[in-house]
Amino acid sequence: MTKPLQHLSSRVRDLRFEHWYTFAIVLVFLSLFVACLSGKVHLYLGDVGDGSNRFYLLSAIAQTLATILALLVTATLVATQLAAQTFTPRVVGYRRRDPWLWGAVGIYLAGIIASLAAIAIARAAKSHPIWNWWSVDLTLLLTGAGLLYLVPFTLAILRSLEPASFIRYLLENGQYDGLEDFMRRAVNEGLVRQLQTAVSMLGGHARSRLRQTVGGVSEARRFAEFGIGLGKYAAAKKDPEAIIVAMDYLTQMTVHCTNRVYRPSADVFNESVVELQGIAEEAFGQ
Amino acid sequence: MRGINSTLAELNQRAGDSYFEIAKVKAHDCEENLRRAIAAYRKSLDFFTFDSQRLRHAQIQNNLGNAYCGLAEVRDKEANLKLAIAAFQEALRVRTLDLFPQDHATTQNNLGNAYTGLAEVRDKEANLKLAIAAFQEALRVRTLDLFPQKHAGSQNNLGNAYRALAEVRDKEANVNLAIAAYQEALRVYTFDAFPQDYATTQNNLGAAFCGLAEVRDKEANLKLAIAAFQQPLRVYTFGAFPQDYAGTQNNLGNAYRNLAGVRDKEANLELAIAAYQDALRVYTFGLFPQDYAMTQNNLGNAYRNLAGVRHKEANLELAIAAYQEALRVSTFDLFPQDYAGTQNNLGNAYGDLAGVRDNEANLKLAIAAYQEALRVRTFEAFPQDYAATHDNLGTTYGDLAEVRDKEANLNRAIACFRQALRVHTYGALPEDYARTQNCLGRTCFELAMVRLESEAKEEGKDLLRTARQSISEALRVYTKESHPEQHKTYVEFLAHLDDMLSKS
C-alpha cells in the first residue's frame with residue numbers, strides 16, 4: 001500500500017462515532033437538498049389561508065435556533081472552563097479553533113439566517129412560488145440538521161473532557177506546550193495514572209513520527225527532551241514516581257529505536273536515561 | 001559527598017532495570033549499559049541492605065547477578081560470572097524455598113545459567129554439576145502443572161548443562177539425560193504455542209542426538225538429529241529469522257556430513273553441501289565474517305569427503321577454494337585457532353590432490369599449510385592438535401620422499417612422528433599412540449632400506465631396530481583380541497623386520 005493510502009486508512013480507523021454520525025447528517029442533508037432543489041420532494045406542505053402559518057413557523061424556527069445556539073455556546077464555555085481547570089489554561093485557545101463549535105455556530109446561524117430570509121422572501125416575492133417553496137424547505141432542512149447535530153456535538157464536548165481525548169487532540173495538532181502543561185499539572189496533583197497515560201500516548205506518537213522520518217535524529221532529540229523536561233520538573237517537585245514514568249518512557253524509546261535499527265536515535269534516548277538518572281541523583285541525594 | 005535515602009535507592013534500582021533492559025537489545029552499547037546497571041544496583045544496595053530491607057535487597061541482588069551475567073558475555077567472563085554467582089547466592093539467603101518459592105526458583109535458575117557459563121572457562125565438570133543442581137532445585141517449584149512455561153525453560157537449561165557435562169564425563173548417560181530434559185521442555189514448547197522456544201529446543205535436541213551418535217547407534221541417532229534440526233526451519237525461515245535459519249542450516253549440514261560417514265555417502269554429502277550453501281546465503285563475508293569462515297570450512301570438509309566418492313579432482317579443488325575463503329577471515333592475527341584448523345584441513349586437501357595431479361607441487365603446498373598450522377598449534381598451547389598436525393606433516397614428508405630428496409624427507413617425517421609421540425603416549429591416547437608408532441616404524445623401515453643400499457649399513461640396522469621397536473609398541477595396543485586384522489598385519493611386518501635384522 002502506498003504511503004498516502006496508508007495515511008488515509010489510518011485516519012479512517014481513527015474516526016469515532018460522532019464523526020460518522022456527522023458524515024451521515026451531511027449525506028442526508030445533501031440528498032434532501034438536491035431532492036428539494038429538483039422539486040421531487042417538498043418538506044413544506046403549503047400555506048393555509050393567508051399563509052400566516054408560514055410566518056409563524058419560520059419565526060418560531062429562528063427563535064428556537066437562536067436559543068439553542070445560545071445554550072450551546074454557554075455549554076461550550078462551561079466545558080472549556082472545566083477543561084482549563086483540569087488540564088491547562090491553553091484549552092481556551094484550542095477551543096477557539098474547535099471545529100465542533102464552529103460547526104454548530106455555522107449550522108445554527110445558517111438556519112436562523114435562512115428562516116429570516118424565507119420570511120423576507122415570502123413577504124416580498126409572491127410572484128415566485130417555486131422560490132417560496134424552496135426557501136422554506138431549506139430552512140426546515142437546516143433546522144433538522146442543526147437538531148441532529150446536537151448528538152455528535154454533545155458527544156464531542158463530553159469526549160473533550162476525557163484526558164485521553166485531550167492528549168490525543170494535543171498530539172494530533174502538535175500542541176506540545178499544552179501537553180507539557182498537562183503533564184506538569186498531573187505531577188502537581190499527583191495524578192500518576194494520568195501522567196502514565198500521557199507519556200504512553202506520547203511514546204506512541206513519537207514512534208509514529210520516528211517511523212515517518214525513518215528514525216530522524218532531530219525528532220528523537222525533540223521527544224527525548226520531553227522526557228528530560230518532565231524528569232527535571234518532577235525532580236524539582238520531588239516526585240520520584242513521575243521520574244520513574246519519564247525513565248520508563250526514555251527506556252522504551254531506546255529499546256524501540258534499537259529494535260528498529262535507528263541507531264543514532266537510540267543513542268539519543270539512551271543518553272537521556274543517563275542524564276535523567278543524574279538529575280534524580282542531584283535532586284534526591286542528601 | 002551525597003548520601004543515599006530510600007527514594008534515591010528506589011530510583012537507582014529503576015535506573016538499573018532501565019539500563020539492563022536497554023543492554024539486552026542494544027548490542028553496540030551493551031557493555032556500557034551493563035556497567036551503568038551494575039553501578040546503579042550497587043548504589044541502591046547501599047540503602048537496601050540485608051538487615052534493613054531483605055526482600056528488596058534480594059530482588060536487587062538477583063537483578064545485579066543478571067547484569068553481571070550479561071557483562072560476562074562481553075568481558076572478563078570468569079570474574080563477572082563469579083560476581084554474578086555471589087550476587088545470586090546473596091539473594092538466595094532471603095529467597096528461600098520455604099518462604100518465597102517462586103523467587104527462589106527464579107534465582108536458582110539464574111544461578112544455574114551462571115554456573116553453566118562459568119563451566120566454559122573453569123572447572124567444567126564441577127561447575128556443570130553445580131548448574132544441574134541449581135536447575136533441579138528450580139524445577140522443584142517450577143513444575144509442569146503449576147508453571148509450565150518456566151518448567152520448560154528450566155528443563156531446556158538443564159538439558160544444555162547435561163549436554164555440556166557429556167563432553168567431559170559419562171557421555172552417553174549425560175546426553176540421554178539432556179535429551180530427556182529437552183523432550184520434557186517440548187511438552188510445553190509446542191510449535192503452535194511457543195514457536196521460537198520450540199525451534200531453539202529442537203536445535204538443542206538435534207545437537208544432543210549428534211553427541212549421542214558419537215557413542216552409540218550412529219546412523220539412527222544422526223537421523224533423529226536431522227529430524228530435530230529440520231523442525232526449527234518451520235519457524236526460522238530465511239525471510240523472518242535469517243541468522244537462526246543459517247545457524248540451523250549449518251547444524252543440519254554437519255549432521256548430514258556425519259551421516260554420510262555411515263550411509264549413502266554421496267547423497268548425504270550433497271545434502272550437507274546444499275545446507276551449507278543455504279547457510280552462506282545469510283552468512284556472507286561482509287555481514288557475518290566469523291560464521292562465514294566456519295561454514296566455508298565445513299563446506300570444504302564436505303567437498304573433500306565427496307572427493308572420496310566422485311569427481312576427485314574437481315571436488316578437491318572446490319574444497320581448497322572453500323578453505324581459502326575461510327582463511328580470508330580466519331587469519332593468524334585475528335582468529336589463530338580457526339586459522340590453524342583451516343590450514344590443517346587445507347593441508348589434507350592438498351595432500352589428497354597430490355594423489356591425482358601435480359604430486360610434488362601439491363605435497364609442498366600441503367607441507368606449507370601444515371607448517372602454518374603449527375605456528376599456532378604449539379606443544380604447550382594445543383598438544384593434541386600439535387600431535388595431529390605433526391602426524392599429517394610426517395605422512396606428507398613420507399609421500400614427498402617418494403618423489404624427491406628421499407633421505408632428507410624421510411628424516412623429516414621421522415622427526416615429525418617423534419614430535420607427535422610426545423603427546424600420543426601409550427597411557428593417555430593408546431589408539432593415536434599405536435597409529436603414530438606404526439607410521440614411525442614404517443618410515444624408519446623405508447629409511448633403513450635407503451641406508452642399507454648405501455654404505456651406511458650400521459645406521460640401517462639401527463633404523464631397522466627402531467622400526468621393530470615401534471611396531472612392537474603399536475602391538476601393545478593392537479592386540480589379537482581387540483584389533484585382530486591390524487594385529488596380524490603388524491605381526492607379519494615384525495617377522496619381516498626380524499628376518500631382515502638377522503640377515504643383515
# chains A, B, ... in the order shown; residues from 1 in each chain; ligands from 1
>>> interface_residues(of="chain A", to="chain B", cutoff="10 Å", atoms="only C-alpha atoms", output="MDAnalysis selection string")
chainID A and resid 238:241 243:244 247:259 261 263 266:267 270 273:274 276:278 280:286
>>> write_last_selection(atoms="N, CA and C atoms", output="CSV table (one decimal), in the first residue's frame")
chain,number,residue,atom,x,y,z
A,238,LYS,N,10.1,17.1,43.5
A,238,LYS,CA,10.4,16.0,44.4
A,238,LYS,C,9.4,14.8,44.3
A,239,ASP,N,9.1,14.5,43.0
A,239,ASP,CA,8.2,13.4,42.7
A,239,ASP,C,8.9,12.2,42.1
A,240,PRO,N,9.3,11.3,42.9
A,240,PRO,CA,10.0,10.1,42.3
A,240,PRO,C,9.2,9.3,41.3
A,241,GLU,N,7.9,9.2,41.6
A,241,GLU,CA,7.1,8.4,40.7
A,241,GLU,C,7.1,9.0,39.3
A,243,ILE,N,9.4,10.7,38.0
A,243,ILE,CA,10.7,10.5,37.4
A,243,ILE,C,10.8,9.1,36.8
A,244,ILE,N,10.2,8.1,37.5
A,244,ILE,CA,10.2,6.7,37.0
A,244,ILE,C,9.4,6.6,35.7
A,247,MET,N,11.6,7.9,33.1
A,247,MET,CA,12.7,7.0,32.8
A,247,MET,C,12.2,5.8,32.0
A,248,ASP,N,11.0,5.3,32.3
A,248,ASP,CA,10.4,4.2,31.6
A,248,ASP,C,10.2,4.6,30.1
A,249,TYR,N,9.7,5.8,30.0
A,249,TYR,CA,9.4,6.4,28.6
A,249,TYR,C,10.7,6.4,27.8
A,250,LEU,N,11.8,6.9,28.4
A,250,LEU,CA,13.0,7.0,27.6
A,250,LEU,C,13.6,5.6,27.4
A,251,THR,N,13.4,4.7,28.3
A,251,THR,CA,13.9,3.4,28.2
A,251,THR,C,13.2,2.7,27.0
A,252,GLN,N,11.9,2.8,27.0
A,252,GLN,CA,11.1,2.1,26.0
A,252,GLN,C,11.5,2.7,24.6
A,253,MET,N,11.7,4.0,24.6
A,253,MET,CA,12.1,4.6,23.3
A,253,MET,C,13.4,4.2,22.8
A,254,THR,N,14.4,4.0,23.8
A,254,THR,CA,15.7,3.4,23.4
A,254,THR,C,15.5,2.0,22.8
A,255,VAL,N,14.8,1.2,23.5
A,255,VAL,CA,14.6,-0.2,23.1
A,255,VAL,C,13.9,-0.2,21.7
A,256,HIS,N,12.9,0.7,21.5
A,256,HIS,CA,12.2,0.7,20.2
A,256,HIS,C,13.1,1.1,19.1
A,257,CYS,N,13.9,2.2,19.3
A,257,CYS,CA,14.8,2.7,18.3
A,257,CYS,C,15.9,1.6,18.0
A,258,THR,N,16.3,0.9,19.0
A,258,THR,CA,17.3,-0.1,18.8
A,258,THR,C,16.7,-1.2,17.9
A,259,ASN,N,15.5,-1.7,18.3
A,259,ASN,CA,14.9,-2.7,17.5
A,259,ASN,C,14.6,-2.3,16.1
A,261,VAL,N,16.5,-0.4,14.5
A,261,VAL,CA,17.8,-0.1,13.9
A,261,VAL,C,17.9,1.4,13.6
A,263,ARG,N,19.9,3.6,15.0
A,263,ARG,CA,21.0,3.7,16.0
A,263,ARG,C,21.3,5.0,16.6
A,266,ALA,N,18.5,5.9,18.9
A,266,ALA,CA,18.6,5.1,20.1
A,266,ALA,C,19.7,5.6,21.1
A,267,ASP,N,20.8,6.1,20.5
A,267,ASP,CA,21.8,6.7,21.4
A,267,ASP,C,21.3,8.0,22.1
A,270,ASN,N,19.1,6.8,24.9
A,270,ASN,CA,20.0,6.2,25.9
A,270,ASN,C,20.7,7.2,26.7
A,273,VAL,N,18.5,8.7,29.3
A,273,VAL,CA,18.3,7.9,30.5
A,273,VAL,C,19.4,8.3,31.5
A,274,VAL,N,20.6,8.3,31.0
A,274,VAL,CA,21.8,8.6,31.8
A,274,VAL,C,21.6,10.0,32.5
A,276,LEU,N,18.9,11.7,32.9
A,276,LEU,CA,17.8,11.7,33.9
A,276,LEU,C,18.2,11.1,35.2
A,277,GLN,N,19.0,10.0,35.2
A,277,GLN,CA,19.5,9.4,36.4
A,277,GLN,C,20.3,10.5,37.2
A,278,GLY,N,21.1,11.2,36.5
A,278,GLY,CA,21.9,12.3,37.1
A,278,GLY,C,21.0,13.3,37.7
A,280,ALA,N,18.0,12.9,38.8
A,280,ALA,CA,17.4,12.3,40.0
A,280,ALA,C,18.4,12.3,41.2
A,281,GLU,N,19.6,11.9,40.9
A,281,GLU,CA,20.6,11.8,42.0
A,281,GLU,C,20.8,13.2,42.6
A,282,GLU,N,20.9,14.2,41.7
A,282,GLU,CA,21.1,15.6,42.2
A,282,GLU,C,19.9,16.0,43.0
A,283,ALA,N,18.7,15.6,42.6
A,283,ALA,CA,17.5,16.1,43.4
A,283,ALA,C,17.3,15.4,44.7
A,284,PHE,N,17.6,14.1,44.7
A,284,PHE,CA,17.3,13.3,45.9
A,284,PHE,C,18.5,12.9,46.8
A,285,GLY,N,19.7,13.2,46.3
A,285,GLY,CA,20.8,13.0,47.1
A,285,GLY,C,20.8,13.9,48.4
A,286,GLN,N,21.4,13.4,49.4
A,286,GLN,CA,21.4,14.2,50.7
A,286,GLN,C,22.7,14.9,50.8
>>> select_by_dssp(residues="region 63-268 of chain B", states="helix (DSSP H, G or I)", output="number ranges by chain")
B: 63-72, 77-94, 101-119, 124-141, 148-166, 171-188, 195-213, 218-230, 232-235, 242-260, 265-268
>>> atom_distance(atom1="CA of Ser272 (chain A)", atom2="CA of Pro163 (chain A)")
26.7 Å
>>> closest_residue(among="B:Ser52, B:Thr201, B:Val262, B:Ala368", to="Asp217 (chain B)", atoms="only C-alpha atoms")
B:Val262
>>> atom_distance(atom1="CA of Tyr490 (chain B)", atom2="CA of Leu440 (chain B)")
13.0 Å
>>> residues_around(residues="Asp498 (chain B)", least_positions_apart="5", cutoff="10 Å", atoms="only C-alpha atoms", output="list in words")
Leu464, Arg465, Arg468, Glu492, Phe493, Lys503 and Ser504 of chain B
>>> residues_around(residues="region 191-199 of chain A", least_positions_apart="6", cutoff="12 Å", atoms="only C-alpha atoms", output="PyMOL selection string")
chain A and resi 86-87+162-171+176+178-185+205-206+223-224+226-227+230-231+234+239-250+252-253
>>> write_last_selection(atoms="C-alpha atoms", output="PDB file, in the first residue's frame")
ATOM      1  CA  THR A  86      -8.409  20.121  34.822  1.00  0.00           C
ATOM      2  CA  PHE A  87      -5.843  20.171  32.034  1.00  0.00           C
ATOM      3  CA  GLU A 162     -11.623  12.949  28.860  1.00  0.00           C
ATOM      4  CA  PRO A 163      -7.834  13.162  29.404  1.00  0.00           C
ATOM      5  CA  ALA A 164      -7.019  10.634  26.676  1.00  0.00           C
ATOM      6  CA  SER A 165      -9.048  12.532  24.071  1.00  0.00           C
ATOM      7  CA  PHE A 166      -7.493  15.772  25.125  1.00  0.00           C
ATOM      8  CA  ILE A 167      -3.962  14.341  24.869  1.00  0.00           C
ATOM      9  CA  ARG A 168      -4.807  12.877  21.505  1.00  0.00           C
ATOM     10  CA  TYR A 169      -6.024  16.236  20.317  1.00  0.00           C
ATOM     11  CA  LEU A 170      -2.797  17.877  21.519  1.00  0.00           C
ATOM     12  CA  LEU A 171      -0.586  15.297  19.831  1.00  0.00           C
ATOM     13  CA  TYR A 176       3.400  20.060  22.656  1.00  0.00           C
ATOM     14  CA  GLY A 178      -0.166  22.090  26.027  1.00  0.00           C
ATOM     15  CA  LEU A 179       0.944  18.515  26.611  1.00  0.00           C
ATOM     16  CA  GLU A 180       3.793  19.750  28.808  1.00  0.00           C
ATOM     17  CA  ASP A 181       1.328  21.810  30.845  1.00  0.00           C
ATOM     18  CA  PHE A 182      -0.926  18.806  31.127  1.00  0.00           C
ATOM     19  CA  MET A 183       1.900  16.615  32.418  1.00  0.00           C
ATOM     20  CA  ARG A 184       3.080  19.232  34.876  1.00  0.00           C
ATOM     21  CA  ARG A 185      -0.413  19.575  36.235  1.00  0.00           C
ATOM     22  CA  HIS A 205       3.095   9.389  18.811  1.00  0.00           C
ATOM     23  CA  ALA A 206       6.916   9.587  18.938  1.00  0.00           C
ATOM     24  CA  PHE A 223      10.982  13.589  22.070  1.00  0.00           C
ATOM     25  CA  ALA A 224      13.938  12.842  24.367  1.00  0.00           C
ATOM     26  CA  PHE A 226      10.233  15.825  26.544  1.00  0.00           C
ATOM     27  CA  GLY A 227      11.287  13.032  28.881  1.00  0.00           C
ATOM     28  CA  LEU A 230       9.326  16.000  32.604  1.00  0.00           C
ATOM     29  CA  GLY A 231      12.092  14.453  34.709  1.00  0.00           C
ATOM     30  CA  ALA A 234       9.406  16.007  38.652  1.00  0.00           C
ATOM     31  CA  ASP A 239       8.157  13.439  42.718  1.00  0.00           C
ATOM     32  CA  PRO A 240      10.050  10.136  42.274  1.00  0.00           C
ATOM     33  CA  GLU A 241       7.078   8.383  40.690  1.00  0.00           C
ATOM     34  CA  ALA A 242       6.991  10.922  37.880  1.00  0.00           C
ATOM     35  CA  ILE A 243      10.738  10.477  37.363  1.00  0.00           C
ATOM     36  CA  ILE A 244      10.180   6.740  37.034  1.00  0.00           C
ATOM     37  CA  VAL A 245       7.460   7.390  34.440  1.00  0.00           C
ATOM     38  CA  ALA A 246       9.888   9.577  32.472  1.00  0.00           C
ATOM     39  CA  MET A 247      12.663   6.991  32.813  1.00  0.00           C
ATOM     40  CA  ASP A 248      10.395   4.198  31.574  1.00  0.00           C
ATOM     41  CA  TYR A 249       9.399   6.353  28.599  1.00  0.00           C
ATOM     42  CA  LEU A 250      13.028   7.026  27.641  1.00  0.00           C
ATOM     43  CA  GLN A 252      11.111   2.130  25.963  1.00  0.00           C
ATOM     44  CA  MET A 253      12.058   4.646  23.282  1.00  0.00           C
TER      45      MET A 253
END
